[in-house]
Amino acid sequence: MSVIMVGAMAEIERQTDKGELVLKARSDADALGQLYDLFYDRIFRFCVHRLFSKDIAEDVTSSIFLAVAGNIKNFNGKNEADFRSWLYAIAVNHTNAFIRKTTRRKKLLEEAAAVTISGTNNPDNTSGLDWPALYKAVLKLKLKHQTIITLRFFENMDFEQIGQIVNSRPETVRVTLHRILKKLRNNLQNTLVGEK
């Protein structure tokens with residue numbers, strides 16, 4: 001047998017093994033762990049390229065594999081290629097959701113603190129956003145309100161998670177955040193006026 005033929009046969013056997021592993025992973029945690037080991041680096045690299053941060057990519061990659069573990073019983077694929085496609089679809093959904101969520105939160109915080117270099121409140125122009133002034137304004141808030149702002153905008157937590165931490169209902173956190181943002185806007189304007 002030629003070396004090429006042996007290599008091709010070995011590749012077919014590896015693909016068959018991965019296909020069997022995929023099928024076995026539906027009911028076997030060890031098989032799922034092996035799939036995790038096989039695909040973690042690829043998914044992590046994908047997340048780094050989409051999110052431009054290794055730390056964030058680690059978190060999102062973890063959430064992707066948690067979703068895989070939670071839904072593997074419903075996976076209908078028959079082989080490794082089907083699993084890979086399914087896994088990447090989950091990865092795309094999670095990275096896109098993360099990007100949408102953080103973009104929305106950043107925009108909301110910027111709008112709450114929208115200040116141009118001239119000191120006027122203009123949500124359409126955040127190019128002159130004064131981040132040190134924003135932090136000073138946040139420090140003027142009550143400690144609980146500082147916590148809510150930090151958890152929501154800097155830790156990217158949802159209202160339910162924040163509610164559990166500050167011992168409030170998610171709806172209460174949402175309303176409180178709206179009020180905090182108004183107060184933050186006022187604090188920021190006062191901080192800027194005081195600096196002039």
# chains A, B, ... in the order shown; residues from 1 in each chain; ligands from 1
>>> residues_around(residues="segment 84-90 of chain A", least_positions_apart="2", cutoff="10 Å", atoms="only C-alpha atoms", output="ChimeraX atom specification")
/A:22,35,39,42-43,46,63-65,67-68,72,75-77,79-82,92-96
>>> residues_around(residues="Glu155 of chain A", least_positions_apart="5", cutoff="12 Å", atoms="only C-alpha atoms", output="list in words")
Ile56, Asp59, Phe98, Lys101, Thr102, Arg105, Lys106, Thr147, Ile148, Ile149, Thr150, Gln161 and Ile162 of chain A
>>> write_last_selection(atoms="N, CA and C atoms", output="PDB file, in the first residue's frame")
ATOM      1  N   ILE A  56     -13.122  38.356  26.853  1.00  0.00           N
ATOM      2  CA  ILE A  56     -14.533  38.270  26.468  1.00  0.00           C
ATOM      3  C   ILE A  56     -14.772  37.001  25.676  1.00  0.00           C
ATOM      4  N   ASP A  59     -15.284  34.009  27.892  1.00  0.00           N
ATOM      5  CA  ASP A  59     -16.624  33.984  28.484  1.00  0.00           C
ATOM      6  C   ASP A  59     -17.673  33.534  27.471  1.00  0.00           C
ATOM      7  N   PHE A  98     -23.961  38.926  21.881  1.00  0.00           N
ATOM      8  CA  PHE A  98     -23.071  39.684  22.766  1.00  0.00           C
ATOM      9  C   PHE A  98     -22.780  41.062  22.174  1.00  0.00           C
ATOM     10  N   LYS A 101     -25.884  43.282  22.417  1.00  0.00           N
ATOM     11  CA  LYS A 101     -26.147  43.665  23.798  1.00  0.00           C
ATOM     12  C   LYS A 101     -25.174  44.740  24.262  1.00  0.00           C
ATOM     13  N   THR A 102     -23.883  44.558  24.011  1.00  0.00           N
ATOM     14  CA  THR A 102     -22.908  45.529  24.485  1.00  0.00           C
ATOM     15  C   THR A 102     -22.991  46.834  23.703  1.00  0.00           C
ATOM     16  N   ARG A 105     -26.000  48.707  25.155  1.00  0.00           N
ATOM     17  CA  ARG A 105     -25.723  49.249  26.482  1.00  0.00           C
ATOM     18  C   ARG A 105     -24.759  50.414  26.416  1.00  0.00           C
ATOM     19  N   LYS A 106     -23.729  50.298  25.590  1.00  0.00           N
ATOM     20  CA  LYS A 106     -22.761  51.383  25.464  1.00  0.00           C
ATOM     21  C   LYS A 106     -23.441  52.629  24.914  1.00  0.00           C
ATOM     22  N   THR A 147     -23.603  50.563  41.839  1.00  0.00           N
ATOM     23  CA  THR A 147     -23.528  49.115  41.603  1.00  0.00           C
ATOM     24  C   THR A 147     -24.364  48.726  40.397  1.00  0.00           C
ATOM     25  N   ILE A 148     -25.576  49.243  40.323  1.00  0.00           N
ATOM     26  CA  ILE A 148     -26.471  48.908  39.197  1.00  0.00           C
ATOM     27  C   ILE A 148     -25.856  49.375  37.881  1.00  0.00           C
ATOM     28  N   ILE A 149     -25.335  50.609  37.841  1.00  0.00           N
ATOM     29  CA  ILE A 149     -24.693  51.132  36.628  1.00  0.00           C
ATOM     30  C   ILE A 149     -23.508  50.243  36.236  1.00  0.00           C
ATOM     31  N   THR A 150     -22.695  49.909  37.211  1.00  0.00           N
ATOM     32  CA  THR A 150     -21.505  49.096  36.934  1.00  0.00           C
ATOM     33  C   THR A 150     -21.889  47.704  36.426  1.00  0.00           C
ATOM     34  N   GLN A 161     -30.130  39.155  36.570  1.00  0.00           N
ATOM     35  CA  GLN A 161     -28.885  38.940  37.303  1.00  0.00           C
ATOM     36  C   GLN A 161     -28.641  40.078  38.292  1.00  0.00           C
ATOM     37  N   ILE A 162     -28.844  41.302  37.832  1.00  0.00           N
ATOM     38  CA  ILE A 162     -28.641  42.455  38.712  1.00  0.00           C
ATOM     39  C   ILE A 162     -29.617  42.391  39.881  1.00  0.00           C
TER      40      ILE A 162
END
>>> closest_atom_pairs(of="segment 139-159 of chain A", to="segment 163-174 of chain A", cutoff="12 Å", atoms="only C-alpha atoms", output="Markdown table")
| residue | atom | partner | partner_atom | distance |
| --- | --- | --- | --- | --- |
| A:Leu143 | CA | A:Val166 | CA | 10.9 |
| A:Lys144 | CA | A:Val166 | CA | 7.5 |
| A:His145 | CA | A:Val166 | CA | 9.7 |
| A:Gln146 | CA | A:Val166 | CA | 11.3 |
| A:Thr147 | CA | A:Val166 | CA | 8.2 |
| A:Ile148 | CA | A:Val173 | CA | 7.8 |
| A:Ile149 | CA | A:Val173 | CA | 10.3 |
| A:Leu151 | CA | A:Ile165 | CA | 9.3 |
| A:Arg152 | CA | A:Val173 | CA | 9.9 |
| A:Met157 | CA | A:Gly163 | CA | 9.8 |
| A:Asp158 | CA | A:Pro170 | CA | 8.5 |
| A:Phe159 | CA | A:Pro170 | CA | 4.8 |
>>> atom_distance(atom1="atom CA of Ala137 of chain A", atom2="atom CA of Leu188 of chain A")
5.0 Å
>>> atom_distance(atom1="atom CA of Asn156 of chain A", atom2="atom CA of Asp41 of chain A")
24.3 Å
>>> select_by_dssp(residues="segment 17-125 of chain A", states="helix (DSSP H, G or I)", output="ChimeraX atom specification")
/A:17-25,29-51,54-74,80-112
>>> closest_residue(among="A:Phe52, A:Phe153, A:Tyr40, A:Tyr135", to="Arg185 of chain A", atoms="only C-alpha atoms")
A:Tyr135
>>> atom_distance(atom1="atom CA of Lys78 of chain A", atom2="atom CA of Cys47 of chain A")
25.5 Å
